[in-house]
>>> print(open('coords.pdb').read())   # PDB, C-alpha atoms
MODEL        1
ATOM      1  CA  MET Z   1      55.741  -4.896  41.816
ATOM      2  CA  ALA Z   2      53.622  -1.760  42.043
ATOM      3  CA  ASP Z   3      54.719  -0.706  38.553
ATOM      4  CA  LEU Z   4      53.923  -4.157  37.197
ATOM      5  CA  ALA Z   5      50.464  -4.066  38.763
ATOM      6  CA  ARG Z   6      49.781  -0.640  37.266
ATOM      7  CA  ARG Z   7      50.919  -1.829  33.817
ATOM      8  CA  GLN Z   8      48.584  -4.842  34.111
ATOM      9  CA  VAL Z   9      45.612  -2.621  35.004
ATOM     10  CA  VAL Z  10      46.341  -0.272  32.076
ATOM     11  CA  PHE Z  11      46.706  -3.218  29.697
ATOM     12  CA  ALA Z  12      43.437  -4.765  30.866
ATOM     13  CA  SER Z  13      41.576  -1.448  30.585
ATOM     14  CA  THR Z  14      42.931  -0.856  27.085
ATOM     15  CA  ALA Z  15      41.962  -4.342  26.001
ATOM     16  CA  LEU Z  16      38.470  -3.845  27.407
ATOM     17  CA  LEU Z  17      38.021  -0.548  25.577
ATOM     18  CA  CYS Z  18      39.332  -2.037  22.354
ATOM     19  CA  GLY Z  19      36.894  -4.897  22.749
ATOM     20  CA  PHE Z  20      33.964  -2.498  23.115
ATOM     21  CA  GLY Z  21      35.167  -0.510  20.108
ATOM     22  CA  ALA Z  22      35.488  -3.615  17.984
ATOM     23  CA  ARG Z  23      31.993  -4.742  18.914
ATOM     24  CA  ALA Z  24      30.605  -1.287  18.107
ATOM     25  CA  GLN Z  25      32.316  -1.328  14.725
ATOM     26  CA  ASP Z  26      31.204  -4.899  14.018
ATOM     27  CA  ARG Z  27      27.561  -4.278  14.933
ATOM     28  CA  LYS Z  28      25.371  -4.999  11.924
ATOM     29  CA  VAL Z  29      23.572  -2.089  10.302
ATOM     30  CA  TRP Z  30      20.665  -3.565   8.385
ATOM     31  CA  ARG Z  31      19.836  -1.920   5.077
ATOM     32  CA  ILE Z  32      16.197  -1.997   3.973
ATOM     33  CA  GLY Z  33      14.868  -0.638   0.676
ATOM     34  CA  VAL Z  34      11.321   0.715   0.440
ATOM     35  CA  LEU Z  35       9.831   0.878  -3.062
ATOM     36  CA  SER Z  36       6.620   2.842  -3.605
ATOM     37  CA  PRO Z  37       4.784   4.218  -6.651
ATOM     38  CA  ARG Z  38       3.628   7.209  -4.633
ATOM     39  CA  SER Z  39       5.086  10.681  -4.177
ATOM     40  CA  ARG Z  40       7.568  11.187  -1.361
ATOM     41  CA  PRO Z  41       5.981  12.735   1.743
ATOM     42  CA  ASP Z  42       7.965  15.459   3.484
ATOM     43  CA  PRO Z  43       8.925  14.272   5.964
ATOM     44  CA  VAL Z  44       8.436  10.600   5.137
ATOM     45  CA  GLU Z  45       6.957   9.842   8.554
ATOM     46  CA  SER Z  46       4.208  12.432   8.026
ATOM     47  CA  ASP Z  47       2.495   9.685   6.020
ATOM     48  CA  THR Z  48       0.530   7.285   8.239
ATOM     49  CA  ASN Z  49       1.588   4.175   6.311
ATOM     50  CA  PHE Z  50       5.308   4.904   6.219
ATOM     51  CA  ARG Z  51       5.267   6.065   9.817
ATOM     52  CA  SER Z  52       3.674   2.741  10.791
ATOM     53  CA  LEU Z  53       6.478   0.863   9.018
ATOM     54  CA  VAL Z  54       9.181   2.883  10.800
ATOM     55  CA  GLU Z  55       7.422   2.588  14.159
ATOM     56  CA  GLY Z  56       6.934  -1.137  13.659
ATOM     57  CA  LEU Z  57      10.639  -1.596  12.966
ATOM     58  CA  ARG Z  58      11.555   0.595  15.922
ATOM     59  CA  GLU Z  59       9.366  -1.442  18.257
ATOM     60  CA  LEU Z  60      11.249  -4.537  17.110
ATOM     61  CA  GLY Z  61      14.617  -2.978  17.890
ATOM     62  CA  TYR Z  62      15.607  -1.448  14.535
ATOM     63  CA  VAL Z  63      16.484   2.233  14.845
ATOM     64  CA  GLU Z  64      17.700   4.439  12.007
ATOM     65  CA  GLY Z  65      21.168   5.804  12.662
ATOM     66  CA  GLN Z  66      21.973   2.927  14.991
ATOM     67  CA  ASN Z  67      21.380  -0.486  13.440
ATOM     68  CA  LEU Z  68      19.112   0.423  10.507
ATOM     69  CA  ARG Z  69      19.346   2.286   7.241
ATOM     70  CA  LEU Z  70      16.215   2.855   5.151
ATOM     71  CA  ASP Z  71      16.608   3.555   1.426
ATOM     72  CA  TRP Z  72      13.341   5.144   0.267
ATOM     73  CA  ARG Z  73      12.481   5.132  -3.445
ATOM     74  CA  PHE Z  74       9.320   6.918  -4.608
ATOM     75  CA  ALA Z  75       8.160   6.847  -8.240
ATOM     76  CA  ASP Z  76       6.010   9.972  -7.854
ATOM     77  CA  GLY Z  77       3.189   8.282  -9.772
ATOM     78  CA  ARG Z  78       5.444   7.521 -12.757
ATOM     79  CA  MET Z  79       5.364   3.731 -12.856
ATOM     80  CA  GLU Z  80       8.074   3.572 -15.504
ATOM     81  CA  ARG Z  81      10.563   4.695 -12.846
ATOM     82  CA  LEU Z  82       9.993   1.654 -10.617
ATOM     83  CA  PRO Z  83      12.246  -0.848 -12.493
ATOM     84  CA  ALA Z  84      15.277   1.454 -12.302
ATOM     85  CA  PHE Z  85      14.691   2.091  -8.603
ATOM     86  CA  ALA Z  86      14.327  -1.638  -7.934
ATOM     87  CA  GLU Z  87      17.560  -2.388  -9.798
ATOM     88  CA  GLU Z  88      19.312   0.315  -7.801
ATOM     89  CA  LEU Z  89      18.204  -1.253  -4.515
ATOM     90  CA  ALA Z  90      19.387  -4.652  -5.767
ATOM     91  CA  ARG Z  91      22.814  -3.180  -6.611
ATOM     92  CA  PHE Z  92      23.014  -1.808  -3.075
ATOM     93  CA  LYS Z  93      22.588  -5.409  -1.867
ATOM     94  CA  VAL Z  94      19.952  -4.329   0.642
ATOM     95  CA  ASP Z  95      18.950  -6.944   3.193
ATOM     96  CA  ALA Z  96      15.278  -6.754   2.168
ATOM     97  CA  ILE Z  97      12.933  -4.707  -0.017
ATOM     98  CA  VAL Z  98       9.511  -3.588   1.212
ATOM     99  CA  ALA Z  99       7.348  -3.117  -1.895
ATOM    100  CA  ALA Z 100       3.975  -1.364  -2.001
ATOM    101  CA  GLY Z 101       1.513  -2.329  -4.737
ATOM    102  CA  ASN Z 102       1.672  -4.759  -7.610
ATOM    103  CA  GLN Z 103       3.716  -2.606  -9.947
ATOM    104  CA  ALA Z 104       6.418  -2.045  -7.316
ATOM    105  CA  ILE Z 105       6.423  -5.753  -6.430
ATOM    106  CA  ALA Z 106       6.739  -6.735 -10.102
ATOM    107  CA  ALA Z 107       9.672  -4.351 -10.541
ATOM    108  CA  ALA Z 108      11.405  -5.731  -7.452
ATOM    109  CA  GLN Z 109      10.756  -9.311  -8.578
ATOM    110  CA  LYS Z 110      12.452  -8.646 -11.912
ATOM    111  CA  SER Z 111      15.439  -7.012 -10.246
ATOM    112  CA  THR Z 112      16.342  -9.856  -7.886
ATOM    113  CA  ALA Z 113      15.593 -13.505  -7.201
ATOM    114  CA  THR Z 114      17.651 -13.607  -4.004
ATOM    115  CA  ILE Z 115      16.987 -10.464  -1.951
ATOM    116  CA  PRO Z 116      13.876 -10.985   0.224
ATOM    117  CA  ILE Z 117      10.885  -8.914  -0.902
ATOM    118  CA  VAL Z 118       8.189  -8.064   1.656
ATOM    119  CA  ILE Z 119       4.785  -7.108   0.266
ATOM    120  CA  ALA Z 120       3.160  -4.185   2.083
ATOM    121  CA  THR Z 121       0.049  -4.273  -0.126
ATOM    122  CA  SER Z 122      -0.826  -6.443  -3.119
ATOM    123  CA  ILE Z 123      -3.809  -7.373  -5.251
ATOM    124  CA  ASP Z 124      -3.945 -11.132  -5.822
ATOM    125  CA  PRO Z 125      -0.257 -12.040  -5.282
ATOM    126  CA  VAL Z 126      -0.907 -15.608  -6.436
ATOM    127  CA  GLY Z 127      -2.676 -14.665  -9.669
ATOM    128  CA  SER Z 128      -0.069 -11.965 -10.273
ATOM    129  CA  GLY Z 129       2.705 -14.569 -10.153
ATOM    130  CA  PHE Z 130       4.476 -13.216  -7.073
ATOM    131  CA  VAL Z 131       3.974 -16.323  -4.921
ATOM    132  CA  LYS Z 132       2.978 -19.939  -5.599
ATOM    133  CA  THR Z 133       0.330 -20.036  -2.872
ATOM    134  CA  LEU Z 134      -0.497 -17.878   0.132
ATOM    135  CA  ALA Z 135       0.417 -20.690   2.528
ATOM    136  CA  HIS Z 136       3.657 -21.601   0.748
ATOM    137  CA  PRO Z 137       5.078 -18.616  -1.204
ATOM    138  CA  GLY Z 138       7.974 -20.702  -2.493
ATOM    139  CA  GLY Z 139      10.350 -17.925  -3.560
ATOM    140  CA  ASN Z 140      11.891 -14.723  -2.268
ATOM    141  CA  ILE Z 141       8.566 -12.880  -1.844
ATOM    142  CA  THR Z 142       6.086 -12.866   1.037
ATOM    143  CA  GLY Z 143       4.026 -10.361   3.026
ATOM    144  CA  LEU Z 144       0.471  -9.016   3.041
ATOM    145  CA  SER Z 145      -2.329  -9.594   0.512
ATOM    146  CA  ASN Z 146      -5.387  -7.386  -0.037
ATOM    147  CA  LEU Z 147      -8.843  -8.960  -0.038
ATOM    148  CA  THR Z 148      -9.551  -7.438  -3.433
ATOM    149  CA  GLY Z 149     -12.611  -9.463  -4.423
ATOM    150  CA  GLU Z 150     -14.481  -8.909  -1.182
ATOM    151  CA  ILE Z 151     -13.585  -5.219  -1.078
ATOM    152  CA  SER Z 152     -14.587  -4.555  -4.698
ATOM    153  CA  ALA Z 153     -17.947  -6.241  -4.143
ATOM    154  CA  LYS Z 154     -18.407  -4.154  -0.989
ATOM    155  CA  HIS Z 155     -17.665  -0.986  -2.965
ATOM    156  CA  LEU Z 156     -20.562  -1.712  -5.285
ATOM    157  CA  GLU Z 157     -22.789  -2.607  -2.331
ATOM    158  CA  LEU Z 158     -22.040   0.709  -0.607
ATOM    159  CA  LEU Z 159     -22.764   2.766  -3.722
ATOM    160  CA  VAL Z 160     -26.019   0.933  -4.435
ATOM    161  CA  GLY Z 161     -27.062   1.284  -0.804
ATOM    162  CA  ALA Z 162     -26.377   5.021  -0.743
ATOM    163  CA  VAL Z 163     -27.697   6.137  -4.138
ATOM    164  CA  PRO Z 164     -31.374   5.348  -4.820
ATOM    165  CA  GLY Z 165     -32.046   4.163  -8.365
ATOM    166  CA  LEU Z 166     -28.374   3.796  -9.253
ATOM    167  CA  SER Z 167     -28.258   1.976 -12.582
ATOM    168  CA  ARG Z 168     -24.781   2.613 -14.024
ATOM    169  CA  VAL Z 169     -21.478   2.419 -12.180
ATOM    170  CA  ALA Z 170     -18.098   3.113 -13.766
ATOM    171  CA  VAL Z 171     -14.900   1.332 -12.724
ATOM    172  CA  LEU Z 172     -11.782   3.428 -13.250
ATOM    173  CA  ILE Z 173      -8.694   1.296 -13.861
ATOM    174  CA  ASP Z 174      -5.111   1.732 -14.989
ATOM    175  CA  PRO Z 175      -4.547  -0.760 -17.841
ATOM    176  CA  SER Z 176      -0.834  -0.879 -17.028
ATOM    177  CA  ASN Z 177      -1.750  -2.446 -13.668
ATOM    178  CA  ALA Z 178      -2.385  -6.100 -14.536
ATOM    179  CA  ALA Z 179      -4.076  -6.691 -11.184
ATOM    180  CA  HIS Z 180      -6.967  -4.402 -12.094
ATOM    181  CA  ALA Z 181      -8.506  -7.179 -14.184
ATOM    182  CA  THR Z 182      -9.243  -8.938 -10.889
ATOM    183  CA  ILE Z 183     -11.084  -5.863  -9.604
ATOM    184  CA  VAL Z 184     -13.180  -5.553 -12.760
ATOM    185  CA  LYS Z 185     -14.143  -9.216 -12.604
ATOM    186  CA  SER Z 186     -15.115  -8.950  -8.939
ATOM    187  CA  VAL Z 187     -17.320  -5.909  -9.546
ATOM    188  CA  GLN Z 188     -18.962  -7.502 -12.581
ATOM    189  CA  ASN Z 189     -19.663 -10.688 -10.624
ATOM    190  CA  ALA Z 190     -21.214  -8.649  -7.797
ATOM    191  CA  ALA Z 191     -23.297  -6.651 -10.292
ATOM    192  CA  ALA Z 192     -24.703  -9.809 -11.898
ATOM    193  CA  ALA Z 193     -27.186 -10.131  -9.044
ATOM    194  CA  THR Z 194     -28.322  -6.514  -9.351
ATOM    195  CA  HIS Z 195     -29.807  -4.193 -11.952
ATOM    196  CA  VAL Z 196     -26.565  -2.198 -12.174
ATOM    197  CA  GLN Z 197     -24.631  -1.913 -15.437
ATOM    198  CA  ILE Z 198     -20.840  -1.756 -15.118
ATOM    199  CA  LEU Z 199     -18.792   0.555 -17.339
ATOM    200  CA  VAL Z 200     -15.009   0.102 -17.448
ATOM    201  CA  LEU Z 201     -12.900   3.197 -18.156
ATOM    202  CA  GLU Z 202      -9.109   3.356 -18.424
ATOM    203  CA  ALA Z 203      -6.584   6.013 -17.426
ATOM    204  CA  ARG Z 204      -2.777   5.989 -17.284
ATOM    205  CA  SER Z 205      -2.214   9.686 -16.581
ATOM    206  CA  PRO Z 206      -3.969  12.780 -15.177
ATOM    207  CA  SER Z 207      -5.105  13.818 -18.659
ATOM    208  CA  GLU Z 208      -6.561  10.369 -19.275
ATOM    209  CA  ILE Z 209      -8.361  10.525 -15.925
ATOM    210  CA  GLU Z 210     -10.107  13.676 -17.137
ATOM    211  CA  SER Z 211     -11.026  12.004 -20.434
ATOM    212  CA  ALA Z 212     -12.332   8.958 -18.572
ATOM    213  CA  PHE Z 213     -14.678  11.090 -16.467
ATOM    214  CA  ALA Z 214     -15.945  12.841 -19.584
ATOM    215  CA  ALA Z 215     -16.769   9.393 -20.999
ATOM    216  CA  MET Z 216     -18.492   8.397 -17.735
ATOM    217  CA  SER Z 217     -20.631  11.517 -17.969
ATOM    218  CA  ARG Z 218     -21.615  10.773 -21.571
ATOM    219  CA  GLN Z 219     -22.593   7.251 -20.559
ATOM    220  CA  LYS Z 220     -24.594   8.646 -17.607
ATOM    221  CA  ALA Z 221     -22.747   6.840 -14.818
ATOM    222  CA  GLY Z 222     -24.142   7.699 -11.408
ATOM    223  CA  GLY Z 223     -21.232   6.308  -9.453
ATOM    224  CA  VAL Z 224     -17.581   5.374  -9.851
ATOM    225  CA  ILE Z 225     -15.414   2.739  -8.205
ATOM    226  CA  VAL Z 226     -11.748   3.739  -8.390
ATOM    227  CA  ALA Z 227      -9.389   0.753  -8.477
ATOM    228  CA  VAL Z 228      -6.577   0.976  -5.956
ATOM    229  CA  ASP Z 229      -3.453   2.298  -7.696
ATOM    230  CA  GLY Z 230      -0.500   4.567  -6.983
ATOM    231  CA  LEU Z 231      -1.533   6.994  -9.732
ATOM    232  CA  PHE Z 232      -5.086   7.245  -8.432
ATOM    233  CA  THR Z 233      -3.925   7.804  -4.856
ATOM    234  CA  ARG Z 234      -1.685  10.591  -6.038
ATOM    235  CA  GLN Z 235      -4.529  12.112  -8.114
ATOM    236  CA  ALA Z 236      -7.198  11.719  -5.423
ATOM    237  CA  GLY Z 237      -7.874  15.469  -5.461
ATOM    238  CA  GLN Z 238      -8.377  15.528  -9.225
ATOM    239  CA  ILE Z 239     -10.633  12.461  -9.126
ATOM    240  CA  ALA Z 240     -12.752  13.866  -6.281
ATOM    241  CA  GLN Z 241     -13.141  17.167  -8.124
ATOM    242  CA  LEU Z 242     -14.191  15.479 -11.371
ATOM    243  CA  ALA Z 243     -16.600  13.152  -9.567
ATOM    244  CA  GLY Z 244     -18.175  16.170  -7.875
ATOM    245  CA  LYS Z 245     -18.391  18.077 -11.128
ATOM    246  CA  GLU Z 246     -20.181  15.169 -12.811
ATOM    247  CA  ARG Z 247     -22.286  14.572  -9.667
ATOM    248  CA  MET Z 248     -21.086  10.982  -9.240
ATOM    249  CA  ALA Z 249     -20.883   9.081  -5.990
ATOM    250  CA  SER Z 250     -17.289   7.863  -5.723
ATOM    251  CA  ILE Z 251     -15.501   5.240  -3.654
ATOM    252  CA  TYR Z 252     -11.872   4.185  -3.248
ATOM    253  CA  THR Z 253     -10.027   1.550  -1.247
ATOM    254  CA  SER Z 254      -8.275   4.036   1.056
ATOM    255  CA  ALA Z 255      -9.571   7.158   2.784
ATOM    256  CA  ALA Z 256      -7.565   9.358   0.384
ATOM    257  CA  LEU Z 257     -10.458   9.985  -2.020
ATOM    258  CA  ALA Z 258     -13.048  10.710   0.691
ATOM    259  CA  GLU Z 259     -10.605  13.054   2.409
ATOM    260  CA  ALA Z 260     -10.104  14.859  -0.909
ATOM    261  CA  GLY Z 261     -13.861  15.282  -1.449
ATOM    262  CA  GLY Z 262     -15.082  11.905  -2.700
ATOM    263  CA  LEU Z 263     -17.994  10.115  -1.027
ATOM    264  CA  PHE Z 264     -16.584   6.904   0.457
ATOM    265  CA  GLY Z 265     -13.357   5.198   1.360
ATOM    266  CA  TYR Z 266     -13.515   1.526   2.229
ATOM    267  CA  GLY Z 267     -10.729  -0.999   2.435
ATOM    268  CA  GLN Z 268      -8.064  -2.555   4.542
ATOM    269  CA  ASP Z 269      -6.219  -0.500   7.121
ATOM    270  CA  PHE Z 270      -3.056   0.122   5.109
ATOM    271  CA  ALA Z 271      -1.204   1.500   8.130
ATOM    272  CA  ASP Z 272      -1.781  -1.844   9.863
ATOM    273  CA  ASN Z 273      -0.396  -3.612   6.776
ATOM    274  CA  TYR Z 274       2.797  -1.576   6.909
ATOM    275  CA  ARG Z 275       3.236  -2.253  10.619
ATOM    276  CA  ARG Z 276       2.793  -5.978   9.978
ATOM    277  CA  ALA Z 277       5.280  -5.745   7.101
ATOM    278  CA  ALA Z 278       7.852  -4.659   9.687
ATOM    279  CA  ALA Z 279       7.292  -7.966  11.503
ATOM    280  CA  TYR Z 280       8.056  -9.849   8.271
ATOM    281  CA  VAL Z 281      11.285  -7.880   7.871
ATOM    282  CA  ASP Z 282      12.249  -8.758  11.430
ATOM    283  CA  LYS Z 283      11.675 -12.482  10.885
ATOM    284  CA  ILE Z 284      13.707 -12.433   7.675
ATOM    285  CA  LEU Z 285      16.601 -10.549   9.266
ATOM    286  CA  LYS Z 286      16.610 -13.162  12.018
ATOM    287  CA  GLY Z 287      17.019 -15.958   9.468
ATOM    288  CA  ALA Z 288      13.550 -16.928   8.233
ATOM    289  CA  ARG Z 289      13.176 -17.642   4.511
ATOM    290  CA  PRO Z 290      10.426 -15.765   2.618
ATOM    291  CA  ALA Z 291       9.511 -19.071   0.949
ATOM    292  CA  ASP Z 292       8.508 -20.436   4.358
ATOM    293  CA  LEU Z 293       6.547 -17.395   5.626
ATOM    294  CA  PRO Z 294       2.843 -17.599   4.660
ATOM    295  CA  VAL Z 295       1.294 -14.554   3.010
ATOM    296  CA  GLU Z 296      -1.232 -13.017   5.396
ATOM    297  CA  GLN Z 297      -4.441 -11.248   4.448
ATOM    298  CA  SER Z 298      -5.682  -7.963   5.852
ATOM    299  CA  THR Z 299      -7.653  -8.207   9.076
ATOM    300  CA  LYS Z 300      -8.535  -4.553   9.731
ATOM    301  CA  PHE Z 301     -10.860  -2.520   7.519
ATOM    302  CA  VAL Z 302     -11.801   1.158   7.576
ATOM    303  CA  LEU Z 303     -14.934   2.904   6.269
ATOM    304  CA  THR Z 304     -14.727   6.656   5.722
ATOM    305  CA  VAL Z 305     -17.829   8.695   4.846
ATOM    306  CA  ASN Z 306     -17.738  12.293   3.607
ATOM    307  CA  LEU Z 307     -21.109  13.732   4.692
ATOM    308  CA  LYS Z 308     -20.261  17.118   3.225
ATOM    309  CA  THR Z 309     -19.937  15.527  -0.213
ATOM    310  CA  ALA Z 310     -23.100  13.492   0.347
ATOM    311  CA  LYS Z 311     -25.031  16.685   1.075
ATOM    312  CA  THR Z 312     -23.625  18.357  -2.055
ATOM    313  CA  LEU Z 313     -24.717  15.349  -4.143
ATOM    314  CA  GLY Z 314     -28.150  15.298  -2.501
ATOM    315  CA  ILE Z 315     -27.499  11.867  -0.990
ATOM    316  CA  SER Z 316     -28.858  10.832   2.396
ATOM    317  CA  VAL Z 317     -26.421   8.194   3.604
ATOM    318  CA  PRO Z 318     -28.450   5.406   5.277
ATOM    319  CA  ALA Z 319     -28.084   4.847   9.009
ATOM    320  CA  SER Z 320     -26.965   1.271   8.289
ATOM    321  CA  ILE Z 321     -23.849   2.672   6.594
ATOM    322  CA  MET Z 322     -23.260   5.460   9.108
ATOM    323  CA  LEU Z 323     -23.283   3.003  12.008
ATOM    324  CA  ARG Z 324     -20.394   1.131  10.401
ATOM    325  CA  ALA Z 325     -18.342   4.248   9.628
ATOM    326  CA  ASP Z 326     -14.938   4.518  11.318
ATOM    327  CA  LYS Z 327     -14.424   8.104  10.198
ATOM    328  CA  VAL Z 328     -16.993  10.736   9.252
ATOM    329  CA  ILE Z 329     -16.016  13.943   7.448
ATOM    330  CA  GLN Z 330     -18.556  16.686   8.198
TER     331      GLN Z 330
ENDMDL
END
>>> encode(input="coords.pdb", output="structure tokens")
Amino acid sequence: MADLARRQVVFASTALLCGFGARAQDRKVWRIGVLSPRSRPDPVESDTNFRSLVEGLRELGYVEGQNLRLDWRFADGRMERLPAFAEELARFKVDAIVAAGNQAIAAAQKSTATIPIVIATSIDPVGSGFVKTLAHPGGNITGLSNLTGEISAKHLELLVGAVPGLSRVAVLIDPSNAAHATIVKSVQNAAAATHVQILVLEARSPSEIESAFAAMSRQKAGGVIVAVDGLFTRQAGQIAQLAGKERMASIYTSAALAEAGGLFGYGQDFADNYRRAAAYVDKILKGARPADLPVEQSTKFVLTVNLKTAKTLGISVPASIMLRADKVIQ
């Protein structure tokens, strides 16, 4: 009887251990692709936006090396690489793709009609054909939308408020980014009520950025609004240097340009967008359909002022602007 009892205990213990092992092996490891036009930070989490995405996922219970695998794909500013990266993620059969910017979203959209795509940032997702409406996306794409019109109008307002007698403002766009037409229209509409003339300059590469600034100088632009774009984020240092050389007040949607030596950064808090994108991923992994998840708009905005650049340009930034600044670079 004693031997029988011992054999029963051993059998039960073995079965219990096997059960735990089976559950460990069966535990789902979610695979998420991240598609960005930017250069890869080293390490990835040194970038505020990407760190916010990882932290957001971690707070929701998704931990790399345990139940999460992140496949990062960075185009390094070369937009032509995005379609191949998107197709690669689709072949991997990832559980969702987080896409940053219209060009990345468009590439992901072409690569799959079934894998959920979560927008981290997007200019006019309805007009760009990514979703049917913000309230009812209707397909495999949902996420966060930028308030492009309001922000672009605010960019012009900030430049006019900071630079006395400003009469000509350039808008730097990438013609390969279809969403930039929305930005141009918004700035032109805002300028209609002012004395400011809008000049539209195009650039698809660093060399074209330099040529565009030379054209701005010839046309005597006193300020430049840089349309949000992966290329322009990557070349923030070049743009800030050229704007300083031509003595132009410059503004960009993120703080990247001001931190590199431009005058202003004003736009949505992109880190907050990425953290909220993690919540969309969580809902989708738990069974929600992208078609049923309304596209949300940004709710947090950040104003960065570079006073050192203002002093170099001979600009006295009004107190009304300084009081609203979230970050001041001395």
>>> closest_residue(input="coords.pdb", among="Z:Asp292, Z:Asp71, Z:Asp42, Z:Asp47", to="Leu89 in chain Z", atoms="all atoms listed in the file")
Z:Asp71
>>> resolve_selection(input="coords.pdb", expression="the PyMOL selection byres ((chain Z and resi 300) around 7)", output="JSON, numbers by chain")
{"Z": [268, 269, 298, 299, 301, 302]}
>>> closest_residue(input="coords.pdb", among="Z:Arg247, Z:Arg38, Z:Lys286, Z:Arg73", to="Gly261 in chain Z", atoms="all atoms listed in the file")
Z:Arg247
>>> resolve_selection(input="coords.pdb", expression="the PyMOL selection byres ((chain Z and resi 201-203) around 10)", output="tab-separated table (two decimals) with C-alpha atoms, in the coordinates of the input")
chain	number	residue	atom	x	y	z
Z	170	ALA	CA	-18.10	3.11	-13.77
Z	171	VAL	CA	-14.90	1.33	-12.72
Z	172	LEU	CA	-11.78	3.43	-13.25
Z	173	ILE	CA	-8.69	1.30	-13.86
Z	174	ASP	CA	-5.11	1.73	-14.99
Z	175	PRO	CA	-4.55	-0.76	-17.84
Z	176	SER	CA	-0.83	-0.88	-17.03
Z	198	ILE	CA	-20.84	-1.76	-15.12
Z	199	LEU	CA	-18.79	0.56	-17.34
Z	200	VAL	CA	-15.01	0.10	-17.45
Z	204	ARG	CA	-2.78	5.99	-17.28
Z	205	SER	CA	-2.21	9.69	-16.58
Z	206	PRO	CA	-3.97	12.78	-15.18
Z	207	SER	CA	-5.11	13.82	-18.66
Z	208	GLU	CA	-6.56	10.37	-19.27
Z	209	ILE	CA	-8.36	10.52	-15.92
Z	210	GLU	CA	-10.11	13.68	-17.14
Z	211	SER	CA	-11.03	12.00	-20.43
Z	212	ALA	CA	-12.33	8.96	-18.57
Z	213	PHE	CA	-14.68	11.09	-16.47
Z	215	ALA	CA	-16.77	9.39	-21.00
Z	216	MET	CA	-18.49	8.40	-17.74
Z	224	VAL	CA	-17.58	5.37	-9.85
Z	226	VAL	CA	-11.75	3.74	-8.39
Z	231	LEU	CA	-1.53	6.99	-9.73
Z	232	PHE	CA	-5.09	7.24	-8.43
>>> closest_residue(input="coords.pdb", among="Z:Ala99, Z:Val169, Z:Val126, Z:Ala193", to="Gln219 in chain Z", atoms="all atoms listed in the file")
Z:Val169
>>> residues_around(input="coords.pdb", residues="Ala258 in chain Z", least_positions_apart="4", cutoff="7 Å", atoms="all atoms listed in the file", output="list in words")
Gly262, Leu263, Phe264, Gly265, Thr304, Val305 and Asn306 of chain Z
>>> resolve_selection(input="coords.pdb", expression="the PyMOL selection byres ((chain Z and resi 233-237) around 7)", output="CSV table (one decimal) with C-alpha atoms, keeping the file's coordinate frame")
chain,number,residue,atom,x,y,z
Z,38,ARG,CA,3.6,7.2,-4.6
Z,77,GLY,CA,3.2,8.3,-9.8
Z,229,ASP,CA,-3.5,2.3,-7.7
Z,230,GLY,CA,-0.5,4.6,-7.0
Z,231,LEU,CA,-1.5,7.0,-9.7
Z,232,PHE,CA,-5.1,7.2,-8.4
Z,238,GLN,CA,-8.4,15.5,-9.2
Z,239,ILE,CA,-10.6,12.5,-9.1
Z,240,ALA,CA,-12.8,13.9,-6.3
Z,241,GLN,CA,-13.1,17.2,-8.1
Z,256,ALA,CA,-7.6,9.4,0.4
Z,257,LEU,CA,-10.5,10.0,-2.0
Z,260,ALA,CA,-10.1,14.9,-0.9
>>> closest_residue(input="coords.pdb", among="Z:Ala106, Z:Val98, Z:Ile115, Z:Ala243", to="Ala291 in chain Z", atoms="all atoms listed in the file")
Z:Ile115
>>> residues_near_point(input="coords.pdb", point="(-28.6, -4.0, -9.4)", cutoff="9 Å", atoms="only C-alpha atoms", output="VMD selection string")
chain Z and resid 160 165 to 168 190 to 197
>>> residues_near_point(input="coords.pdb", point="(3.0, -14.2, -3.4)", cutoff="9 Å", atoms="all atoms listed in the file", output="list in words")
Ile119, Ser122, Asp124, Pro125, Val126, Gly127, Ser128, Gly129, Phe130, Val131, Lys132, Thr133, Leu134, His136, Pro137, Gly138, Gly139, Asn140, Ile141, Thr142, Gly143, Leu144, Ser145, Pro294 and Val295 of chain Z
>>> write_last_selection(input="coords.pdb", atoms="C-alpha atoms", output="short mmCIF file (atom, residue, chain, number, x, y, z; two decimals), in the coordinates of the input")
data_model
loop_
_atom_site.label_atom_id
_atom_site.label_comp_id
_atom_site.auth_asym_id
_atom_site.auth_seq_id
_atom_site.Cartn_x
_atom_site.Cartn_y
_atom_site.Cartn_z
CA ILE Z 119 4.78 -7.11 0.27
CA SER Z 122 -0.83 -6.44 -3.12
CA ASP Z 124 -3.94 -11.13 -5.82
CA PRO Z 125 -0.26 -12.04 -5.28
CA VAL Z 126 -0.91 -15.61 -6.44
CA GLY Z 127 -2.68 -14.66 -9.67
CA SER Z 128 -0.07 -11.96 -10.27
CA GLY Z 129 2.70 -14.57 -10.15
CA PHE Z 130 4.48 -13.22 -7.07
CA VAL Z 131 3.97 -16.32 -4.92
CA LYS Z 132 2.98 -19.94 -5.60
CA THR Z 133 0.33 -20.04 -2.87
CA LEU Z 134 -0.50 -17.88 0.13
CA HIS Z 136 3.66 -21.60 0.75
CA PRO Z 137 5.08 -18.62 -1.20
CA GLY Z 138 7.97 -20.70 -2.49
CA GLY Z 139 10.35 -17.92 -3.56
CA ASN Z 140 11.89 -14.72 -2.27
CA ILE Z 141 8.57 -12.88 -1.84
CA THR Z 142 6.09 -12.87 1.04
CA GLY Z 143 4.03 -10.36 3.03
CA LEU Z 144 0.47 -9.02 3.04
CA SER Z 145 -2.33 -9.59 0.51
CA PRO Z 294 2.84 -17.60 4.66
CA VAL Z 295 1.29 -14.55 3.01
#
>>> atom_distance(input="coords.pdb", atom1="CA of Gln297 in chain Z", atom2="CA of Leu57 in chain Z")
19.8 Å
>>> closest_residue(input="coords.pdb", among="Z:Leu147, Z:Ala153, Z:Met79, Z:Ala249", to="Val317 in chain Z", atoms="all atoms listed in the file")
Z:Ala249
